[in-house]
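Undergrad: Structure supplied as final08.pdb; contents: PDB, C-alpha atoms and all ligand atoms.
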ATOM      1  CA  MET A1053     -21.588   5.617 101.476  1.00  0.00           C
ATOM      2  CA  THR A1054     -19.597   8.760 101.189  1.00  0.00           C
ATOM      3  CA  THR A1055     -18.077   9.099  97.782  1.00  0.00           C
ATOM      4  CA  ARG A1056     -14.771  10.764  97.132  1.00  0.00           C
ATOM      5  CA  ARG A1057     -16.599  13.550  95.353  1.00  0.00           C
ATOM      6  CA  ASP A1058     -18.838  14.068  98.355  1.00  0.00           C
ATOM      7  CA  PHE A1059     -15.879  14.112 100.663  1.00  0.00           C
ATOM      8  CA  PHE A1060     -14.016  16.622  98.569  1.00  0.00           C
ATOM      9  CA  LYS A1061     -17.027  18.596  97.435  1.00  0.00           C
ATOM     10  CA  LYS A1062     -15.681  21.721  99.029  1.00  0.00           C
ATOM     11  CA  GLY A1063     -12.644  21.572  96.882  1.00  0.00           C
ATOM     12  CA  ILE A1064     -10.276  19.352  98.817  1.00  0.00           C
ATOM     13  CA  LEU A1065      -7.657  18.126  96.400  1.00  0.00           C
ATOM     14  CA  ALA A1066      -9.951  18.756  93.456  1.00  0.00           C
ATOM     15  CA  GLY A1067      -8.389  16.102  91.407  1.00  0.00           C
ATOM     16  CA  ALA A1068      -4.990  17.511  92.333  1.00  0.00           C
ATOM     17  CA  GLY A1069      -3.384  16.718  88.986  1.00  0.00           C
ATOM     18  CA  LEU A1070      -1.177  14.016  90.331  1.00  0.00           C
ATOM     19  CA  ALA A1071      -0.363  12.118  87.157  1.00  0.00           C
ATOM     20  CA  LEU A1072       3.227  11.116  87.731  1.00  0.00           C
ATOM     21  CA  MET A1073       4.234  11.504  84.137  1.00  0.00           C
ATOM     22  CA  ASN A1074       2.370  14.735  83.705  1.00  0.00           C
ATOM     23  CA  ASN A1075       4.459  17.686  84.748  1.00  0.00           C
ATOM     24  CA  THR A1076       1.610  20.120  84.931  1.00  0.00           C
ATOM     25  CA  PHE A1077      -0.326  21.150  87.989  1.00  0.00           C
ATOM     26  CA  SER A1078      -4.030  20.864  87.552  1.00  0.00           C
ATOM     27  CA  SER A1079      -5.985  23.897  88.567  1.00  0.00           C
ATOM     28  CA  ALA A1080      -9.286  22.498  87.434  1.00  0.00           C
ATOM     29  CA  ALA A1081     -11.835  22.201  90.182  1.00  0.00           C
ATOM     30  CA  GLU A1082     -14.465  19.523  90.045  1.00  0.00           C
ATOM     31  CA  PRO A1083     -17.990  20.781  89.443  1.00  0.00           C
ATOM     32  CA  GLY A1084     -19.597  21.595  92.748  1.00  0.00           C
ATOM     33  CA  ASN A1085     -16.355  22.512  94.411  1.00  0.00           C
ATOM     34  CA  MET A1086     -17.253  26.127  94.814  1.00  0.00           C
ATOM     35  CA  ASN A1087     -18.321  27.240  98.226  1.00  0.00           C
ATOM     36  CA  ALA A1088     -21.579  29.069  97.859  1.00  0.00           C
ATOM     37  CA  GLY A1089     -20.629  31.890 100.137  1.00  0.00           C
ATOM     38  CA  THR A1090     -18.653  30.833 103.154  1.00  0.00           C
ATOM     39  CA  ASP A1091     -20.027  27.455 104.064  1.00  0.00           C
ATOM     40  CA  PHE A1092     -17.138  25.057 104.164  1.00  0.00           C
ATOM     41  CA  THR A1093     -18.246  22.153 106.305  1.00  0.00           C
ATOM     42  CA  LEU A1094     -16.561  19.369 108.237  1.00  0.00           C
ATOM     43  CA  PRO A1095     -16.162  16.302 106.011  1.00  0.00           C
ATOM     44  CA  PRO A1096     -17.138  13.076 107.775  1.00  0.00           C
ATOM     45  CA  LEU A1097     -14.400  10.605 108.554  1.00  0.00           C
ATOM     46  CA  PRO A1098     -14.393   7.622 106.180  1.00  0.00           C
ATOM     47  CA  TYR A1099     -14.178   5.313 109.248  1.00  0.00           C
ATOM     48  CA  ALA A1100     -15.185   5.281 112.914  1.00  0.00           C
ATOM     49  CA  TYR A1101     -13.250   7.277 115.501  1.00  0.00           C
ATOM     50  CA  ASP A1102     -11.880   4.080 117.035  1.00  0.00           C
ATOM     51  CA  ALA A1103     -11.103   2.396 113.715  1.00  0.00           C
ATOM     52  CA  LEU A1104      -7.403   3.247 113.768  1.00  0.00           C
ATOM     53  CA  GLU A1105      -6.845   1.798 117.238  1.00  0.00           C
ATOM     54  CA  PRO A1106      -4.393   0.951 118.664  1.00  0.00           C
ATOM     55  CA  PHE A1107      -2.181   3.114 116.443  1.00  0.00           C
ATOM     56  CA  ILE A1108      -4.229   6.303 116.641  1.00  0.00           C
ATOM     57  CA  ASP A1109      -6.598   6.330 119.592  1.00  0.00           C
ATOM     58  CA  LYS A1110     -10.295   7.119 119.544  1.00  0.00           C
ATOM     59  CA  GLN A1111     -10.124  10.152 121.837  1.00  0.00           C
ATOM     60  CA  THR A1112      -7.410  11.800 119.766  1.00  0.00           C
ATOM     61  CA  MET A1113      -9.318  11.189 116.543  1.00  0.00           C
ATOM     62  CA  GLU A1114     -12.550  12.558 117.967  1.00  0.00           C
ATOM     63  CA  VAL A1115     -10.997  15.703 119.431  1.00  0.00           C
ATOM     64  CA  HIS A1116      -8.813  16.240 116.397  1.00  0.00           C
ATOM     65  CA  HIS A1117     -11.731  15.946 113.985  1.00  0.00           C
ATOM     66  CA  THR A1118     -14.613  17.551 115.861  1.00  0.00           C
ATOM     67  CA  LYS A1119     -12.681  20.262 117.702  1.00  0.00           C
ATOM     68  CA  HIS A1120      -9.471  21.133 115.865  1.00  0.00           C
ATOM     69  CA  HIS A1121     -10.606  20.608 112.279  1.00  0.00           C
ATOM     70  CA  GLN A1122     -13.995  22.157 112.995  1.00  0.00           C
ATOM     71  CA  ALA A1123     -12.277  25.214 114.486  1.00  0.00           C
ATOM     72  CA  TYR A1124     -10.229  25.719 111.321  1.00  0.00           C
ATOM     73  CA  ILE A1125     -13.398  25.567 109.260  1.00  0.00           C
ATOM     74  CA  ASP A1126     -15.278  28.010 111.496  1.00  0.00           C
ATOM     75  CA  LYS A1127     -12.408  30.494 111.423  1.00  0.00           C
ATOM     76  CA  LEU A1128     -11.931  30.053 107.679  1.00  0.00           C
ATOM     77  CA  ASN A1129     -15.596  30.781 107.043  1.00  0.00           C
ATOM     78  CA  LYS A1130     -15.437  33.868 109.243  1.00  0.00           C
ATOM     79  CA  ALA A1131     -12.302  35.133 107.498  1.00  0.00           C
ATOM     80  CA  LEU A1132     -13.939  34.608 104.100  1.00  0.00           C
ATOM     81  CA  THR A1133     -17.049  36.435 105.250  1.00  0.00           C
ATOM     82  CA  ASP A1134     -14.949  39.293 106.611  1.00  0.00           C
ATOM     83  CA  GLY A1135     -13.087  39.471 103.306  1.00  0.00           C
ATOM     84  CA  LYS A1136     -16.309  39.169 101.278  1.00  0.00           C
ATOM     85  CA  ILE A1137     -14.805  36.192  99.455  1.00  0.00           C
ATOM     86  CA  SER A1138     -17.057  33.518  98.000  1.00  0.00           C
ATOM     87  CA  GLY A1139     -17.258  31.040  95.165  1.00  0.00           C
ATOM     88  CA  VAL A1140     -13.764  29.707  95.626  1.00  0.00           C
ATOM     89  CA  THR A1141     -12.418  26.222  96.191  1.00  0.00           C
ATOM     90  CA  ILE A1142     -10.151  25.410  99.071  1.00  0.00           C
ATOM     91  CA  GLU A1143      -7.536  24.286  96.577  1.00  0.00           C
ATOM     92  CA  ASP A1144      -7.620  27.622  94.768  1.00  0.00           C
ATOM     93  CA  ILE A1145      -7.416  29.455  98.074  1.00  0.00           C
ATOM     94  CA  CYS A1146      -4.218  27.543  98.882  1.00  0.00           C
ATOM     95  CA  LYS A1147      -2.731  28.008  95.423  1.00  0.00           C
ATOM     96  CA  ASN A1148      -3.293  31.766  95.625  1.00  0.00           C
ATOM     97  CA  ILE A1149      -2.570  32.183  99.304  1.00  0.00           C
ATOM     98  CA  SER A1150      -0.307  35.181  98.683  1.00  0.00           C
ATOM     99  CA  ARG A1151      -3.480  37.175  97.973  1.00  0.00           C
ATOM    100  CA  HIS A1152      -5.085  36.298 101.281  1.00  0.00           C
ATOM    101  CA  PRO A1153      -4.602  37.388 104.898  1.00  0.00           C
ATOM    102  CA  LEU A1154      -2.959  35.227 107.524  1.00  0.00           C
ATOM    103  CA  ALA A1155      -6.284  34.033 108.955  1.00  0.00           C
ATOM    104  CA  ILE A1156      -7.183  32.426 105.627  1.00  0.00           C
ATOM    105  CA  ARG A1157      -3.682  30.981 105.247  1.00  0.00           C
ATOM    106  CA  ASN A1158      -3.775  29.363 108.693  1.00  0.00           C
ATOM    107  CA  ASN A1159      -7.356  28.163 108.661  1.00  0.00           C
ATOM    108  CA  GLY A1160      -7.687  27.385 104.957  1.00  0.00           C
ATOM    109  CA  GLY A1161      -4.503  25.365 105.239  1.00  0.00           C
ATOM    110  CA  GLY A1162      -5.892  23.681 108.326  1.00  0.00           C
ATOM    111  CA  HIS A1163      -9.050  22.670 106.484  1.00  0.00           C
ATOM    112  CA  TYR A1164      -7.253  21.382 103.389  1.00  0.00           C
ATOM    113  CA  ASN A1165      -4.552  19.541 105.325  1.00  0.00           C
ATOM    114  CA  HIS A1166      -6.846  17.761 107.735  1.00  0.00           C
ATOM    115  CA  SER A1167      -9.315  16.782 105.032  1.00  0.00           C
ATOM    116  CA  MET A1168      -6.601  14.971 103.148  1.00  0.00           C
ATOM    117  CA  PHE A1169      -5.079  13.592 106.352  1.00  0.00           C
ATOM    118  CA  TRP A1170      -8.270  11.713 107.284  1.00  0.00           C
ATOM    119  CA  LYS A1171      -8.523  10.106 103.857  1.00  0.00           C
ATOM    120  CA  GLY A1172      -4.833   9.290 103.912  1.00  0.00           C
ATOM    121  CA  MET A1173      -5.329   6.789 106.714  1.00  0.00           C
ATOM    122  CA  LYS A1174      -7.306   3.573 106.948  1.00  0.00           C
ATOM    123  CA  PRO A1175      -7.833   0.797 109.469  1.00  0.00           C
ATOM    124  CA  ASN A1176      -5.260  -1.968 109.322  1.00  0.00           C
ATOM    125  CA  PRO A1177      -6.495  -5.001 111.233  1.00  0.00           C
ATOM    126  CA  GLY A1178      -3.647  -7.091 109.810  1.00  0.00           C
ATOM    127  CA  SER A1179      -1.064  -5.051 111.687  1.00  0.00           C
ATOM    128  CA  VAL A1180      -3.087  -5.344 114.887  1.00  0.00           C
ATOM    129  CA  LEU A1181      -3.131  -9.130 114.690  1.00  0.00           C
ATOM    130  CA  SER A1182       0.417  -9.409 113.457  1.00  0.00           C
ATOM    131  CA  PRO A1183       2.542  -6.457 114.612  1.00  0.00           C
ATOM    132  CA  SER A1184       5.498  -7.506 112.471  1.00  0.00           C
ATOM    133  CA  THR A1185       3.427  -6.989 109.322  1.00  0.00           C
ATOM    134  CA  THR A1186       4.515  -3.879 107.471  1.00  0.00           C
ATOM    135  CA  ASN A1187       1.940  -1.793 105.732  1.00  0.00           C
ATOM    136  CA  GLU A1188       3.834  -1.489 102.481  1.00  0.00           C
ATOM    137  CA  PRO A1189       2.566   0.338  99.411  1.00  0.00           C
ATOM    138  CA  THR A1190       1.406  -1.443  96.292  1.00  0.00           C
ATOM    139  CA  GLY A1191       0.851  -0.420  92.696  1.00  0.00           C
ATOM    140  CA  LYS A1192       2.236   2.706  91.076  1.00  0.00           C
ATOM    141  CA  ILE A1193       3.083   4.471  94.317  1.00  0.00           C
ATOM    142  CA  SER A1194       5.243   1.506  95.273  1.00  0.00           C
ATOM    143  CA  ASP A1195       7.052   1.615  91.918  1.00  0.00           C
ATOM    144  CA  ALA A1196       7.505   5.389  92.130  1.00  0.00           C
ATOM    145  CA  ILE A1197       8.864   5.204  95.679  1.00  0.00           C
ATOM    146  CA  LYS A1198      11.322   2.472  94.758  1.00  0.00           C
ATOM    147  CA  SER A1199      12.557   4.266  91.653  1.00  0.00           C
ATOM    148  CA  THR A1200      12.963   7.547  93.534  1.00  0.00           C
ATOM    149  CA  PHE A1201      14.248   6.389  96.910  1.00  0.00           C
ATOM    150  CA  ASP A1202      15.708   2.952  95.989  1.00  0.00           C
ATOM    151  CA  SER A1203      13.541   1.100  98.493  1.00  0.00           C
ATOM    152  CA  PHE A1204      10.460   1.541 100.630  1.00  0.00           C
ATOM    153  CA  GLU A1205      12.593   1.246 103.758  1.00  0.00           C
ATOM    154  CA  ASN A1206      14.848   4.054 102.588  1.00  0.00           C
ATOM    155  CA  PHE A1207      11.845   6.241 101.772  1.00  0.00           C
ATOM    156  CA  LYS A1208      10.256   5.444 105.134  1.00  0.00           C
ATOM    157  CA  SER A1209      13.441   6.373 106.922  1.00  0.00           C
ATOM    158  CA  LYS A1210      13.798   9.689 105.054  1.00  0.00           C
ATOM    159  CA  PHE A1211      10.143  10.636 105.544  1.00  0.00           C
ATOM    160  CA  THR A1212      10.275   9.699 109.235  1.00  0.00           C
ATOM    161  CA  GLN A1213      13.371  11.833 109.675  1.00  0.00           C
ATOM    162  CA  LYS A1214      11.678  14.791 108.009  1.00  0.00           C
ATOM    163  CA  ALA A1215       8.629  14.402 110.262  1.00  0.00           C
ATOM    164  CA  LEU A1216      10.778  14.071 113.361  1.00  0.00           C
ATOM    165  CA  THR A1217      12.860  17.132 112.607  1.00  0.00           C
ATOM    166  CA  THR A1218       9.986  19.415 111.647  1.00  0.00           C
ATOM    167  CA  PHE A1219      10.378  22.069 114.327  1.00  0.00           C
ATOM    168  CA  GLY A1220       7.332  22.871 116.404  1.00  0.00           C
ATOM    169  CA  SER A1221       3.959  22.447 114.707  1.00  0.00           C
ATOM    170  CA  GLY A1222       3.751  21.459 111.081  1.00  0.00           C
ATOM    171  CA  TRP A1223       3.379  18.750 108.489  1.00  0.00           C
ATOM    172  CA  ALA A1224       5.573  16.271 106.633  1.00  0.00           C
ATOM    173  CA  TRP A1225       4.715  15.606 103.006  1.00  0.00           C
ATOM    174  CA  LEU A1226       5.330  13.379 100.054  1.00  0.00           C
ATOM    175  CA  VAL A1227       4.495  15.345  96.927  1.00  0.00           C
ATOM    176  CA  ILE A1228       4.771  15.214  93.185  1.00  0.00           C
ATOM    177  CA  ASN A1229       6.844  18.247  92.418  1.00  0.00           C
ATOM    178  CA  LYS A1230       6.790  20.440  89.329  1.00  0.00           C
ATOM    179  CA  ALA A1231       9.288  18.142  87.613  1.00  0.00           C
ATOM    180  CA  GLY A1232       6.886  15.221  88.093  1.00  0.00           C
ATOM    181  CA  LYS A1233       9.116  13.592  90.713  1.00  0.00           C
ATOM    182  CA  LEU A1234       8.320  12.392  94.200  1.00  0.00           C
ATOM    183  CA  GLU A1235       9.793  14.688  96.833  1.00  0.00           C
ATOM    184  CA  ILE A1236       9.750  14.732 100.643  1.00  0.00           C
ATOM    185  CA  GLY A1237       9.410  18.018 102.492  1.00  0.00           C
ATOM    186  CA  SER A1238       7.801  19.748 105.426  1.00  0.00           C
ATOM    187  CA  THR A1239       5.794  22.863 106.091  1.00  0.00           C
ATOM    188  CA  ALA A1240       5.279  24.938 109.230  1.00  0.00           C
ATOM    189  CA  ASN A1241       1.990  25.542 110.999  1.00  0.00           C
ATOM    190  CA  GLN A1242      -0.894  24.797 108.573  1.00  0.00           C
ATOM    191  CA  ASP A1243       0.956  25.663 105.403  1.00  0.00           C
ATOM    192  CA  ASN A1244       0.914  23.099 102.610  1.00  0.00           C
ATOM    193  CA  PRO A1245       2.832  22.521  99.380  1.00  0.00           C
ATOM    194  CA  LEU A1246       0.039  23.953  97.229  1.00  0.00           C
ATOM    195  CA  MET A1247       0.716  27.427  98.614  1.00  0.00           C
ATOM    196  CA  ASP A1248       2.283  29.786  96.122  1.00  0.00           C
ATOM    197  CA  ILE A1249       4.419  31.526  98.716  1.00  0.00           C
ATOM    198  CA  LEU A1250       6.404  28.441  99.685  1.00  0.00           C
ATOM    199  CA  GLU A1251       9.645  27.227  98.211  1.00  0.00           C
ATOM    200  CA  PHE A1252       8.656  23.584  98.751  1.00  0.00           C
ATOM    201  CA  LYS A1253       5.772  23.051  96.361  1.00  0.00           C
ATOM    202  CA  GLY A1254       3.929  20.145  94.780  1.00  0.00           C
ATOM    203  CA  ASN A1255       0.749  18.117  94.783  1.00  0.00           C
ATOM    204  CA  PRO A1256       0.391  16.163  98.032  1.00  0.00           C
ATOM    205  CA  VAL A1257       0.369  12.357  97.928  1.00  0.00           C
ATOM    206  CA  ILE A1258       0.847  11.792 101.669  1.00  0.00           C
ATOM    207  CA  GLY A1259       0.591  14.299 104.495  1.00  0.00           C
ATOM    208  CA  LEU A1260       1.429  13.662 108.141  1.00  0.00           C
ATOM    209  CA  ASP A1261       0.227  15.996 110.871  1.00  0.00           C
ATOM    210  CA  VAL A1262       2.987  16.452 113.453  1.00  0.00           C
ATOM    211  CA  TRP A1263       1.222  19.016 115.609  1.00  0.00           C
ATOM    212  CA  GLU A1264       1.155  17.824 119.209  1.00  0.00           C
ATOM    213  CA  HIS A1265      -2.660  17.807 119.085  1.00  0.00           C
ATOM    214  CA  ALA A1266      -2.331  14.850 116.673  1.00  0.00           C
ATOM    215  CA  TYR A1267      -0.610  12.608 119.205  1.00  0.00           C
ATOM    216  CA  TYR A1268      -0.182  14.111 122.672  1.00  0.00           C
ATOM    217  CA  LEU A1269      -3.099  12.339 124.381  1.00  0.00           C
ATOM    218  CA  LYS A1270      -1.687   8.887 123.596  1.00  0.00           C
ATOM    219  CA  TYR A1271       1.998   9.483 122.973  1.00  0.00           C
ATOM    220  CA  GLN A1272       2.659  12.649 125.015  1.00  0.00           C
ATOM    221  CA  ASN A1273       5.928  14.131 123.745  1.00  0.00           C
ATOM    222  CA  LYS A1274       7.025  10.974 121.917  1.00  0.00           C
ATOM    223  CA  ARG A1275       6.558  12.074 118.348  1.00  0.00           C
ATOM    224  CA  ALA A1276       8.706   9.183 117.103  1.00  0.00           C
ATOM    225  CA  ASP A1277       6.307   6.618 118.574  1.00  0.00           C
ATOM    226  CA  TYR A1278       3.347   8.358 116.907  1.00  0.00           C
ATOM    227  CA  ILE A1279       5.109   8.385 113.537  1.00  0.00           C
ATOM    228  CA  ASN A1280       6.028   4.714 113.832  1.00  0.00           C
ATOM    229  CA  ALA A1281       2.407   3.896 114.654  1.00  0.00           C
ATOM    230  CA  TRP A1282       1.075   6.038 111.803  1.00  0.00           C
ATOM    231  CA  TRP A1283       2.946   3.980 109.203  1.00  0.00           C
ATOM    232  CA  ASN A1284       0.587   1.119 110.088  1.00  0.00           C
ATOM    233  CA  VAL A1285      -2.469   3.050 108.945  1.00  0.00           C
ATOM    234  CA  VAL A1286      -1.207   4.868 105.840  1.00  0.00           C
ATOM    235  CA  ASN A1287      -3.813   4.444 103.121  1.00  0.00           C
ATOM    236  CA  TRP A1288      -1.739   3.460 100.104  1.00  0.00           C
ATOM    237  CA  GLU A1289      -4.821   3.031  97.927  1.00  0.00           C
ATOM    238  CA  GLU A1290      -5.576   6.704  98.488  1.00  0.00           C
ATOM    239  CA  ALA A1291      -1.960   7.587  97.720  1.00  0.00           C
ATOM    240  CA  ASN A1292      -2.292   5.676  94.452  1.00  0.00           C
ATOM    241  CA  LYS A1293      -5.471   7.580  93.611  1.00  0.00           C
ATOM    242  CA  ARG A1294      -3.721  10.866  94.213  1.00  0.00           C
ATOM    243  CA  LEU A1295      -0.826   9.718  92.118  1.00  0.00           C
ATOM    244  CA  GLU A1296      -3.078   8.652  89.275  1.00  0.00           C
ATOM    245  CA  ASN A1297      -5.509  11.538  89.685  1.00  0.00           C
ATOM    246  CA  LYS A1298      -8.526   9.228  89.842  1.00  0.00           C
TER     247      LYS A1298
HETATM  248 FE    FE B   1      -4.104  18.490 113.247  1.00  0.00          FE
END
Can you present the structure in this file as structure tokens?
TA:
Amino acid sequence: MTTRRDFFKKGILAGAGLALMNNTFSSAAEPGNMNAGTDFTLPPLPYAYDALEPFIDKQTMEVHHTKHHQAYIDKLNKALTDGKISGVTIEDICKNISRHPLAIRNNGGGHYNHSMFWKGMKPNPGSVLSPSTTNEPTGKISDAIKSTFDSFENFKSKFTQKALTTFGSGWAWLVINKAGKLEIGSTANQDNPLMDILEFKGNPVIGLDVWEHAYYLKYQNKRADYINAWWNVVNWEEANKRLENK
């Protein structure tokens, strides 16, 4: 079984410092998070390619993971080699992105974002059998969402709107911001809220890929349908872990 540490061994999240009541951003990388040279590798999915059906289809997952994510990793490794950069975590690359060229920003962001995206989803057979079942959060993330956005429905509506109105290719996020509060935002291309050059910053709790490559095969141009389907497979246990920094 793939452990969280294995999955993130190249620095993804690196503990991310997501304690809700702790206003600091953790910069500590877990031991083993350093890339020994330029060998970031594709993390395996924590489920089968068809496990998110019918919400996210098998072909999209397979192409997205083995082609798109792999391409970001290959280009990231090349850019690091070209820049003679080694011994860094992907999280530290993102946090210090102002020091790096665009190729590392685009492809390092792509690697970080997709790695957390895969773990942020999980199969939901209950919703398949009973489509009216809502995949609502539990635990601390549920409490935090309700105290920040009044209700889960209100949060869902605001997040959906942000994802829908993200122009072109990008990501919608729920983060813990510097003030220790939940905040919704979006980033363009493969940027993410860890990046020091962005105004919207924080530690990611949920990230939603709204590039067309994430949904076009099944949903064509209907981003709204993809977003509605994605809510069924949000992994709230993972969101709680990120929130509690476990
Ligand atoms: Fe993607």
Undergrad: May I ask which of the residues A:Leu1104, A:Tyr1268, A:Ile1249, A:Pro1095 is the closest one to A:Pro1177, counting all atoms listed in the file?
TA: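 Of A:Leu1104, A:Tyr1268, A:Ile1249, A:Pro1095, the one nearest A:Pro1177 is A:Leu1104, counting all atoms listed in the file.
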Undergrad: State, in Å with one decimal place, the distance from atom CA of A:Gln1122 to atom CA of A:Met1168.
TA: 14.3 Å
Undergrad: Distance limit 9 Å, reference ligand FE 1 (chain B), atoms considered: only C-alpha atoms and all ligand atoms. Which residues make the cut? Give them as a list in words.
TA: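 With only C-alpha atoms and all ligand atoms and a cut-off of 9 Å, ligand FE 1 (chain B) is contacted by His1116, His1117, His1120, His1121, Gly1162, Asn1165, His1166, Phe1169, Gly1222, Trp1223, Gln1242, Leu1260, Asp1261, Val1262, Trp1263, Glu1264, His1265 and Ala1266 of chain A.
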Undergrad: Give me the residues near A:Ile1125 as a list of chain:residue names, where near means some atom within 7 Å (using all atoms listed in the file) and where sequence neighbours in that chain fewer than 4 positions away do not count.
TA: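 Here the qualifying residues turn out to be A:Phe1092, A:Thr1093, A:His1121, A:Asn1129, A:Asn1159, A:His1163.
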Undergrad: Using the chain letters and numbers from the file, give me the residues hit by the PyMOL selection byres (((chain A and resi 1237) around 12) and not hetatm), as a PyMOL selection string.
TA: chain A and resi 1210-1218+1222-1229+1234-1236+1238-1240+1243-1245+1250-1260
Undergrad: Please enumerate the residues selected by the PyMOL selection byres (((chain A and resi 1107) around 9) and not hetatm) when evaluated against the supplied file, formatted as a PyMOL selection string.
TA: chain A and resi 1104-1106+1108-1109+1180+1278+1280-1285
Undergrad: Which value, in Å to one decimal, gives the distance between atom CA of A:Ala1100 and atom CA of A:Lys1130?
TA: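 A separation of 28.8 Å between them.
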Undergrad: Can you tell me how far atom CA of A:Ala1291 sits from atom CA of A:Ser1182, in Å to one decimal?
TA: 23.3 Å
Undergrad: Find the residues around A:Asp1134 up to 12 Å (only C-alpha atoms counted), leave out those fewer than 4 positions away in its own chain, and share them as a PyMOL selection string.
TA: chain A and resi 1089-1090+1127-1130+1138+1152-1153+1155-1156
Undergrad: Which residue out of A:Asp1195, A:Glu1290, A:Glu1205, A:Asp1144 has the minimum interatomic distance to A:Tyr1164 when all atoms listed in the file are used?
TA: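 Nearest candidate to A:Tyr1164 out of A:Asp1195, A:Glu1290, A:Glu1205, A:Asp1144: A:Asp1144.
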